[in-house]
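Novice: Just one file: entry-v7.cif, with mmCIF, C-alpha atoms.
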data_query
loop_
_atom_site.group_PDB
_atom_site.id
_atom_site.type_symbol
_atom_site.label_atom_id
_atom_site.label_comp_id
_atom_site.auth_asym_id
_atom_site.auth_seq_id
_atom_site.Cartn_x
_atom_site.Cartn_y
_atom_site.Cartn_z
ATOM 1 C CA MET A 201 33.775 59.943 28.644
ATOM 2 C CA ALA A 202 31.606 59.411 25.610
ATOM 3 C CA SER A 203 28.191 57.951 26.285
ATOM 4 C CA ALA A 204 27.308 54.588 24.784
ATOM 5 C CA ALA A 205 25.428 54.686 21.537
ATOM 6 C CA ARG A 206 21.698 54.272 21.989
ATOM 7 C CA CYS A 207 20.408 50.854 21.046
ATOM 8 C CA LEU A 208 18.063 51.142 18.130
ATOM 9 C CA ASP A 209 14.621 49.621 18.395
ATOM 10 C CA MET A 210 14.284 46.735 15.983
ATOM 11 C CA ILE A 211 11.140 45.216 14.503
ATOM 12 C CA ASP A 212 11.338 41.485 13.867
ATOM 13 C CA VAL A 213 9.782 40.867 10.472
ATOM 14 C CA ALA A 214 10.938 37.264 10.130
ATOM 15 C CA PRO A 215 8.143 34.686 9.641
ATOM 16 C CA ALA A 216 7.023 32.898 12.786
ATOM 17 C CA PHE A 217 7.716 29.506 11.177
ATOM 18 C CA THR A 218 9.727 28.187 8.254
ATOM 19 C CA ALA A 219 9.564 25.049 6.114
ATOM 20 C CA GLU A 220 12.390 23.667 8.242
ATOM 21 C CA ASP A 221 10.264 24.146 11.367
ATOM 22 C CA ALA A 222 7.392 22.269 9.735
ATOM 23 C CA ALA A 223 9.692 19.411 8.755
ATOM 24 C CA ALA A 224 11.022 19.228 12.305
ATOM 25 C CA MET A 225 7.467 19.079 13.672
ATOM 26 C CA GLU A 226 6.610 16.334 11.187
ATOM 27 C CA ALA A 227 9.527 14.243 12.443
ATOM 28 C CA ARG A 228 8.850 15.031 16.077
ATOM 29 C CA PHE A 229 5.259 13.831 15.982
ATOM 30 C CA ALA A 230 5.693 10.884 13.623
ATOM 31 C CA GLY A 231 3.738 7.995 15.114
ATOM 32 C CA VAL A 232 2.152 10.178 17.799
ATOM 33 C CA SER A 233 -1.650 10.011 18.003
ATOM 34 C CA THR A 234 -3.679 12.981 16.840
ATOM 35 C CA GLN A 235 -5.074 13.579 20.307
ATOM 36 C CA ASP A 236 -1.658 13.454 21.993
ATOM 37 C CA MET A 237 -0.176 15.764 19.370
ATOM 38 C CA LEU A 238 -2.907 18.342 19.884
ATOM 39 C CA ARG A 239 -2.629 18.040 23.655
ATOM 40 C CA ASP A 240 1.108 18.666 23.500
ATOM 41 C CA LEU A 241 0.963 21.644 21.155
ATOM 42 C CA LEU A 242 -2.236 23.398 22.248
ATOM 43 C CA GLY A 243 -1.261 23.162 25.885
ATOM 44 C CA GLY A 244 2.393 23.962 25.236
ATOM 45 C CA GLU A 245 4.355 26.005 22.711
ATOM 46 C CA LEU A 246 1.370 27.027 20.565
ATOM 47 C CA LYS A 247 -0.934 28.003 23.413
ATOM 48 C CA GLY A 248 -2.264 31.494 22.735
ATOM 49 C CA ARG A 249 -0.658 31.528 19.281
ATOM 50 C CA ILE A 250 -3.023 29.278 17.320
ATOM 51 C CA ALA A 251 -6.602 29.236 16.029
ATOM 52 C CA ALA A 252 -8.737 26.524 14.483
ATOM 53 C CA VAL A 253 -10.402 27.349 11.173
ATOM 54 C CA SER A 254 -13.664 25.526 10.533
ATOM 55 C CA SER A 255 -16.296 25.497 7.813
ATOM 56 C CA PHE A 256 -18.686 23.655 10.160
ATOM 57 C CA GLY A 257 -19.222 21.186 7.349
ATOM 58 C CA THR A 258 -20.092 17.503 7.439
ATOM 59 C CA GLU A 259 -16.801 16.339 9.017
ATOM 60 C CA SER A 260 -15.952 19.386 11.133
ATOM 61 C CA ALA A 261 -17.275 18.031 14.426
ATOM 62 C CA VAL A 262 -14.446 15.502 14.794
ATOM 63 C CA LEU A 263 -11.589 17.986 14.801
ATOM 64 C CA LEU A 264 -13.497 20.584 16.810
ATOM 65 C CA HIS A 265 -14.317 17.968 19.432
ATOM 66 C CA MET A 266 -10.630 17.029 19.694
ATOM 67 C CA VAL A 267 -9.605 20.658 20.074
ATOM 68 C CA ALA A 268 -12.277 21.293 22.702
ATOM 69 C CA GLN A 269 -11.162 18.242 24.669
ATOM 70 C CA VAL A 270 -7.769 19.912 25.044
ATOM 71 C CA ASP A 271 -8.776 23.558 25.406
ATOM 72 C CA GLN A 272 -12.243 25.001 24.881
ATOM 73 C CA ASP A 273 -10.730 28.494 24.766
ATOM 74 C CA VAL A 274 -8.824 27.938 21.518
ATOM 75 C CA PRO A 275 -10.219 30.527 19.072
ATOM 76 C CA VAL A 276 -12.335 28.989 16.311
ATOM 77 C CA ILE A 277 -12.617 31.040 13.122
ATOM 78 C CA PHE A 278 -15.638 30.781 10.833
ATOM 79 C CA THR A 279 -15.915 32.828 7.655
ATOM 80 C CA ASN A 280 -19.532 33.667 6.943
ATOM 81 C CA THR A 281 -19.520 34.403 3.221
ATOM 82 C CA GLN A 282 -23.107 35.644 3.447
ATOM 83 C CA LYS A 283 -23.943 32.946 0.909
ATOM 84 C CA MET A 284 -24.090 30.093 3.426
ATOM 85 C CA PHE A 285 -26.871 27.554 3.891
ATOM 86 C CA GLY A 286 -29.042 28.458 6.856
ATOM 87 C CA GLU A 287 -28.541 24.890 8.052
ATOM 88 C CA THR A 288 -24.782 25.491 8.279
ATOM 89 C CA LEU A 289 -25.269 28.532 10.490
ATOM 90 C CA GLU A 290 -27.632 26.566 12.724
ATOM 91 C CA TYR A 291 -25.184 23.668 12.911
ATOM 92 C CA ARG A 292 -22.354 26.063 13.780
ATOM 93 C CA ASP A 293 -24.310 27.378 16.743
ATOM 94 C CA GLU A 294 -25.465 23.927 17.862
ATOM 95 C CA LEU A 295 -21.995 22.406 17.685
ATOM 96 C CA SER A 296 -20.340 25.373 19.391
ATOM 97 C CA GLU A 297 -22.775 25.084 22.284
ATOM 98 C CA ARG A 298 -22.424 21.320 22.445
ATOM 99 C CA LEU A 299 -18.632 21.466 22.597
ATOM 100 C CA GLY A 300 -18.474 24.477 24.910
ATOM 101 C CA LEU A 301 -16.377 26.583 22.546
ATOM 102 C CA THR A 302 -15.775 29.922 24.260
ATOM 103 C CA ASP A 303 -14.165 31.933 21.459
ATOM 104 C CA LEU A 304 -16.021 31.534 18.170
ATOM 105 C CA ARG A 305 -14.917 34.308 15.837
ATOM 106 C CA VAL A 306 -17.115 35.041 12.829
ATOM 107 C CA PHE A 307 -15.591 37.034 9.983
ATOM 108 C CA ARG A 308 -17.548 38.398 7.049
ATOM 109 C CA PRO A 309 -16.614 40.002 3.734
ATOM 110 C CA ASP A 310 -15.569 43.640 3.844
ATOM 111 C CA PRO A 311 -18.766 45.556 2.921
ATOM 112 C CA ARG A 312 -16.731 48.146 1.026
ATOM 113 C CA LEU A 313 -15.182 45.447 -1.142
ATOM 114 C CA LEU A 314 -18.584 43.864 -1.681
ATOM 115 C CA ALA A 315 -19.996 47.206 -2.802
ATOM 116 C CA ALA A 316 -17.119 47.670 -5.223
ATOM 117 C CA LYS A 317 -16.792 44.144 -6.586
ATOM 118 C CA ASP A 318 -20.087 42.308 -6.016
ATOM 119 C CA ALA A 319 -22.802 44.891 -5.535
ATOM 120 C CA ASN A 320 -25.518 42.647 -6.982
ATOM 121 C CA GLY A 321 -24.305 39.506 -5.182
ATOM 122 C CA LEU A 322 -23.976 37.525 -8.414
ATOM 123 C CA ARG A 323 -20.215 37.315 -8.853
ATOM 124 C CA TRP A 324 -20.368 33.591 -8.014
ATOM 125 C CA SER A 325 -22.290 33.014 -11.269
ATOM 126 C CA TYR A 326 -19.582 34.317 -13.605
ATOM 127 C CA ASP A 327 -16.359 34.494 -11.530
ATOM 128 C CA PRO A 328 -16.395 31.891 -8.746
ATOM 129 C CA ASP A 329 -12.672 32.316 -8.029
ATOM 130 C CA GLY A 330 -13.130 36.046 -7.555
ATOM 131 C CA CYS A 331 -16.183 35.455 -5.386
ATOM 132 C CA CYS A 332 -14.285 33.026 -3.137
ATOM 133 C CA ASP A 333 -11.385 35.436 -2.818
ATOM 134 C CA LEU A 334 -13.717 38.268 -1.887
ATOM 135 C CA ARG A 335 -15.983 36.375 0.487
ATOM 136 C CA LYS A 336 -13.706 33.753 2.037
ATOM 137 C CA VAL A 337 -9.978 34.235 1.414
ATOM 138 C CA GLU A 338 -9.792 37.932 2.294
ATOM 139 C CA PRO A 339 -11.848 37.613 5.514
ATOM 140 C CA LEU A 340 -9.716 34.670 6.650
ATOM 141 C CA ARG A 341 -6.553 36.636 5.968
ATOM 142 C CA ARG A 342 -7.820 39.284 8.396
ATOM 143 C CA ALA A 343 -8.932 36.684 10.916
ATOM 144 C CA LEU A 344 -5.497 35.055 11.056
ATOM 145 C CA LEU A 345 -3.502 38.249 11.605
ATOM 146 C CA PRO A 346 -3.121 37.746 15.397
ATOM 147 C CA PHE A 347 -1.925 34.140 15.074
ATOM 148 C CA ASP A 348 1.338 32.365 14.332
ATOM 149 C CA ALA A 349 -0.337 29.044 13.535
ATOM 150 C CA TRP A 350 -3.686 27.612 12.526
ATOM 151 C CA ILE A 351 -5.483 24.291 12.316
ATOM 152 C CA SER A 352 -7.050 22.996 9.104
ATOM 153 C CA GLY A 353 -9.415 20.054 8.722
ATOM 154 C CA ARG A 354 -7.999 18.734 5.429
ATOM 155 C CA LYS A 355 -7.578 14.976 5.009
ATOM 156 C CA GLY A 356 -5.495 12.891 2.655
ATOM 157 C CA PHE A 357 -8.364 10.712 1.437
ATOM 158 C CA GLN A 358 -10.357 13.651 0.105
ATOM 159 C CA SER A 359 -8.548 13.746 -3.231
ATOM 160 C CA ALA A 360 -5.566 12.409 -5.162
ATOM 161 C CA THR A 361 -3.748 15.716 -4.699
ATOM 162 C CA ARG A 362 -3.870 15.207 -0.939
ATOM 163 C CA ALA A 363 -2.588 11.647 -0.802
ATOM 164 C CA ALA A 364 0.721 12.829 0.667
ATOM 165 C CA LEU A 365 -0.718 15.624 2.806
ATOM 166 C CA PRO A 366 1.632 16.306 5.747
ATOM 167 C CA ARG A 367 0.525 17.046 9.271
ATOM 168 C CA PHE A 368 2.573 20.227 9.265
ATOM 169 C CA GLU A 369 3.240 22.822 6.589
ATOM 170 C CA VAL A 370 3.922 26.535 6.383
ATOM 171 C CA ASP A 371 1.479 28.988 4.833
ATOM 172 C CA ASP A 372 2.442 32.658 4.567
ATOM 173 C CA GLY A 373 4.880 32.348 7.459
ATOM 174 C CA ARG A 374 2.398 30.564 9.703
ATOM 175 C CA LEU A 375 2.520 26.968 10.808
ATOM 176 C CA LYS A 376 -0.506 25.118 9.437
ATOM 177 C CA LEU A 377 -1.575 21.926 11.157
ATOM 178 C CA ASN A 378 -3.508 19.186 9.371
ATOM 179 C CA PRO A 379 -4.189 16.896 12.366
ATOM 180 C CA LEU A 380 -6.482 14.579 10.382
ATOM 181 C CA ALA A 381 -4.189 14.261 7.366
ATOM 182 C CA ASP A 382 -3.943 10.472 7.694
ATOM 183 C CA TRP A 383 -7.532 9.781 8.769
ATOM 184 C CA ASP A 384 -9.903 7.927 6.435
ATOM 185 C CA ARG A 385 -13.669 8.110 6.283
ATOM 186 C CA ALA A 386 -14.200 4.952 8.349
ATOM 187 C CA ARG A 387 -12.147 6.391 11.175
ATOM 188 C CA LEU A 388 -14.146 9.606 11.091
ATOM 189 C CA GLU A 389 -17.419 7.660 11.202
ATOM 190 C CA THR A 390 -16.200 5.657 14.182
ATOM 191 C CA TYR A 391 -15.259 8.839 16.025
ATOM 192 C CA PHE A 392 -18.683 10.378 15.323
ATOM 193 C CA ASP A 393 -20.385 7.289 16.747
ATOM 194 C CA GLU A 394 -18.122 6.881 19.785
ATOM 195 C CA HIS A 395 -18.614 10.477 20.878
ATOM 196 C CA GLU A 396 -22.234 10.804 19.706
ATOM 197 C CA LEU A 397 -21.498 13.951 17.757
ATOM 198 C CA PRO A 398 -24.325 15.722 15.908
ATOM 199 C CA ARG A 399 -24.368 15.596 12.116
ATOM 200 C CA HIS A 400 -24.760 18.469 9.708
ATOM 201 C CA PRO A 401 -28.492 18.461 8.834
ATOM 202 C CA LEU A 402 -27.840 18.535 5.071
ATOM 203 C CA GLU A 403 -25.598 15.463 5.024
ATOM 204 C CA ALA A 404 -28.518 13.026 5.012
ATOM 205 C CA ASN A 405 -30.095 14.958 2.126
ATOM 206 C CA GLY A 406 -27.306 14.242 -0.352
ATOM 207 C CA TYR A 407 -24.719 16.856 0.578
ATOM 208 C CA PRO A 408 -21.497 15.113 1.699
ATOM 209 C CA SER A 409 -19.497 18.296 1.085
ATOM 210 C CA ILE A 410 -21.027 21.670 1.845
ATOM 211 C CA GLY A 411 -19.912 25.163 0.890
ATOM 212 C CA CYS A 412 -21.858 28.224 -0.147
ATOM 213 C CA LYS A 413 -25.451 27.678 -1.208
ATOM 214 C CA PRO A 414 -25.211 28.897 -4.841
ATOM 215 C CA CYS A 415 -22.153 26.733 -5.555
ATOM 216 C CA THR A 416 -23.145 23.501 -3.769
ATOM 217 C CA SER A 417 -25.449 20.863 -5.274
ATOM 218 C CA LYS A 418 -26.519 17.391 -4.266
ATOM 219 C CA VAL A 419 -24.204 14.492 -5.050
ATOM 220 C CA GLN A 420 -25.669 11.582 -6.973
ATOM 221 C CA PRO A 421 -24.961 7.903 -6.176
ATOM 222 C CA GLY A 422 -21.553 6.882 -7.526
ATOM 223 C CA GLU A 423 -20.241 10.428 -7.772
ATOM 224 C CA ASP A 424 -17.202 11.724 -5.948
ATOM 225 C CA PRO A 425 -18.227 13.222 -2.584
ATOM 226 C CA ARG A 426 -17.048 16.634 -3.782
ATOM 227 C CA ALA A 427 -18.800 16.461 -7.158
ATOM 228 C CA GLY A 428 -21.432 18.896 -5.931
ATOM 229 C CA ARG A 429 -18.952 21.721 -5.317
ATOM 230 C CA TRP A 430 -18.761 24.289 -8.133
ATOM 231 C CA ARG A 431 -20.479 21.858 -10.471
ATOM 232 C CA GLY A 432 -19.844 22.750 -14.094
ATOM 233 C CA TRP A 433 -16.778 24.846 -13.334
ATOM 234 C CA ASP A 434 -13.096 23.953 -13.661
ATOM 235 C CA LYS A 435 -12.723 24.676 -9.964
ATOM 236 C CA VAL A 436 -12.352 22.430 -6.931
ATOM 237 C CA GLU A 437 -11.017 24.767 -4.223
ATOM 238 C CA CYS A 438 -12.005 28.037 -2.613
ATOM 239 C CA GLY A 439 -8.460 29.423 -2.571
ATOM 240 C CA ILE A 440 -7.670 29.264 1.140
ATOM 241 C CA HIS A 441 -5.033 26.567 0.823
ATOM 242 C CA VAL A 442 -3.473 27.776 -2.436
ATOM 243 C CA PRO A 443 -3.987 31.564 -2.257
ATOM 244 C CA GLU A 444 -1.672 32.274 -5.199
ATOM 245 C CA LYS A 445 -3.606 30.011 -7.567
ATOM 246 C CA PRO A 446 -7.211 29.511 -6.434
ATOM 247 C CA GLY A 447 -8.968 26.626 -8.077
ATOM 248 C CA GLU A 448 -6.239 23.969 -8.092
ATOM 249 C CA GLU A 449 -6.680 21.960 -4.876
ATOM 250 C CA PRO A 450 -9.746 20.727 -2.980
ATOM 251 C CA ALA A 451 -10.931 22.754 -0.005
ATOM 252 C CA PHE A 452 -11.172 21.420 3.509
#
Starting from the coordinates I provided, produce the structure as structure tokens.
Specialist:
Amino acid sequence: MASAARCLDMIDVAPAFTAEDAAAMEARFAGVSTQDMLRDLLGGELKGRIAAVSSFGTESAVLLHMVAQVDQDVPVIFTNTQKMFGETLEYRDELSERLGLTDLRVFRPDPRLLAAKDANGLRWSYDPDGCCDLRKVEPLRRALLPFDAWISGRKGFQSATRAALPRFEVDDGRLKLNPLADWDRARLETYFDEHELPRHPLEANGYPSIGCKPCTSKVQPGEDPRAGRWRGWDKVECGIHVPEKPGEEPAF
């Protein structure tokens, strides 16, 4: 009697999530509060499969607080570009301690790539897109490898291009959550006050949006809150949210 053919080992290379999955999530959580949505997903089907990505900027405390209220063990990814304000690094540590985050993961640029492409550390001054890709996009790509989904802090009010920002989308086969997509600034301020969350130390000094030190300047009265990012360049995004075409959409 002939033996049965051996079953071949198969590697599943299909993406973890599709656009159809994102659309289904959008419909499923329509009208559901941000907190309840996070509680359902972080404690359910996405538990152990998702990370939060944070810049520890002026609005970051709200989303991080919500995540920590559900599960303090959710990994939080921070990309240290090695061009950050010292105040941002201090705020990161203060907020992480305050919220009891147990799994803060700091990723830095690959030193070999820095040596090859930005040995003098001045690429930001003549090629800001290339600098962002080298110091932020590439490290985040590595950081997200173990995860099927991630949480972004983008909000619809931040720019005209985000007016229709969905709560769920797919990015490179991963589910990307934008829990604060429909929040406005007043709602954020109320949440800060209700939960007595600490503020980024540079916010009161004229920095409503904070990125790397060389490419962030103070915002003058009447200017758009993001006017101080990459001032003088035709660039409004670091490349994380539109990796194929950096420079076309505002960063979180």
Novice: Please list as a ChimeraX atom specification every residue within 9 Å of Pro346 in chain A, counting only C-alpha atoms and excluding residues in the same chain fewer than 4 positions away.
Specialist: /A:249-250,342
Novice: Taking the file as shown, find all residues satisfying the PyMOL selection byres ((chain A and resi 340) around 9) and write them as a list in words.
Specialist: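 Going through the file, the PyMOL selection byres ((chain A and resi 340) around 9) ends up selecting Val253, Ile277, Phe278, Thr279, Phe307, Arg308, Arg335, Lys336, Val337, Glu338, Pro339, Arg341, Arg342, Ala343, Leu344, Leu345 and Ile440 of chain A.
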Novice: In Å, with one decimal, what is the gap from CA of Lys418 in chain A to CA of Phe285 in chain A?
Specialist: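 Distance between the two atoms: 13.0 Å.
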Novice: Determine the residue membership of the PyMOL selection byres ((chain A and resi 252) around 12) for the file above and supply it as a PyMOL selection string.
Specialist: chain A and resi 238+242+246-251+253-256+260+263-268+271-279+301+303-305+340+343-344+347-354+375-379
Novice: For the atom pair CA of Glu290 in chain A and CA of Ser417 in chain A, what is the interatomic distance in Å to one decimal place?
Specialist: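 For CA of Glu290 in chain A relative to CA of Ser417 in chain A, the distance reads 19.0 Å.
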Novice: One number please: CA of Leu295 in chain A to CA of Asn280 in chain A, in Å, one decimal.
Specialist: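 Computing the Euclidean distance for CA of Leu295 in chain A and CA of Asn280 in chain A yields 15.8 Å.
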Novice: Between A:Ser325, A:Thr281, A:Gln269, A:Thr288, which is the closest to Glu403 in chain A once you count all atoms listed in the file?
Specialist: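 Using all atoms listed in the file, the shortest distance to Glu403 in chain A belongs to A:Thr288.
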Novice: As JSON, what would the box around range 237-254 of chain A look like: edges along x, y and z, 6 Å added on every side, centre and edge lengths in Å to one decimal?
Specialist:
{"center_x": -4.7, "center_y": 23.6, "center_z": 18.2, "size_x": 30.0, "size_y": 27.8, "size_z": 27.4}
Novice: Which polymer residues have any atom within 9 Å of an atom of Gly373 in chain A, counting all atoms listed in the file, with same-chain residues fewer than 2 positions away left out, as JSON, numbers by chain?
Specialist: {"A": [214, 215, 216, 217, 218, 219, 348, 349, 370, 371, 375]}
Novice: Quick one: apply the PyMOL selection byres ((chain A and resi 223) around 10) to the file and drop the selected residues here as a CSV table (one decimal) with C-alpha atoms, in the frame of the given file.
Specialist:
chain,number,residue,atom,x,y,z
A,218,THR,CA,9.7,28.2,8.3
A,219,ALA,CA,9.6,25.0,6.1
A,220,GLU,CA,12.4,23.7,8.2
A,221,ASP,CA,10.3,24.1,11.4
A,222,ALA,CA,7.4,22.3,9.7
A,224,ALA,CA,11.0,19.2,12.3
A,225,MET,CA,7.5,19.1,13.7
A,226,GLU,CA,6.6,16.3,11.2
A,227,ALA,CA,9.5,14.2,12.4
A,228,ARG,CA,8.8,15.0,16.1
A,366,PRO,CA,1.6,16.3,5.7
A,367,ARG,CA,0.5,17.0,9.3
A,368,PHE,CA,2.6,20.2,9.3
A,369,GLU,CA,3.2,22.8,6.6
A,370,VAL,CA,3.9,26.5,6.4
Novice: Under the rule that all atoms listed in the file are counted, which of A:Asp310, A:Glu259, A:Asp240, A:Asp329 is the nearest residue to Ser409 in chain A?
Specialist: A:Glu259
Novice: Please work out which residues fall within 7 Å of (-16.2, 40.3, -9.6), coordinates as given in the file, with all atoms listed in the file counting, and return them as a list in words.
Specialist: Lys317, Asp318, Arg323, Asp327, Gly330 and Cys331 of chain A
Novice: Can you spit out the residues from that selection as an mmCIF file, keeping the file's coordinate frame, using C-alpha atoms?
Specialist:
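Generated output (again12.cif):
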data_model
loop_
_atom_site.group_PDB
_atom_site.id
_atom_site.type_symbol
_atom_site.label_atom_id
_atom_site.label_comp_id
_atom_site.auth_asym_id
_atom_site.auth_seq_id
_atom_site.Cartn_x
_atom_site.Cartn_y
_atom_site.Cartn_z
ATOM 1 C CA LYS A 317 -16.792 44.144 -6.586
ATOM 2 C CA ASP A 318 -20.087 42.308 -6.016
ATOM 3 C CA ARG A 323 -20.215 37.315 -8.853
ATOM 4 C CA ASP A 327 -16.359 34.494 -11.530
ATOM 5 C CA GLY A 330 -13.130 36.046 -7.555
ATOM 6 C CA CYS A 331 -16.183 35.455 -5.386
#
Novice: If you count only C-alpha atoms, which residues fall within 8 Å of Gly411 in chain A, apart from same-chain ones fewer than 3 positions away, as a PyMOL selection string?
Specialist: chain A and resi 255+257+284-285+415-416+429
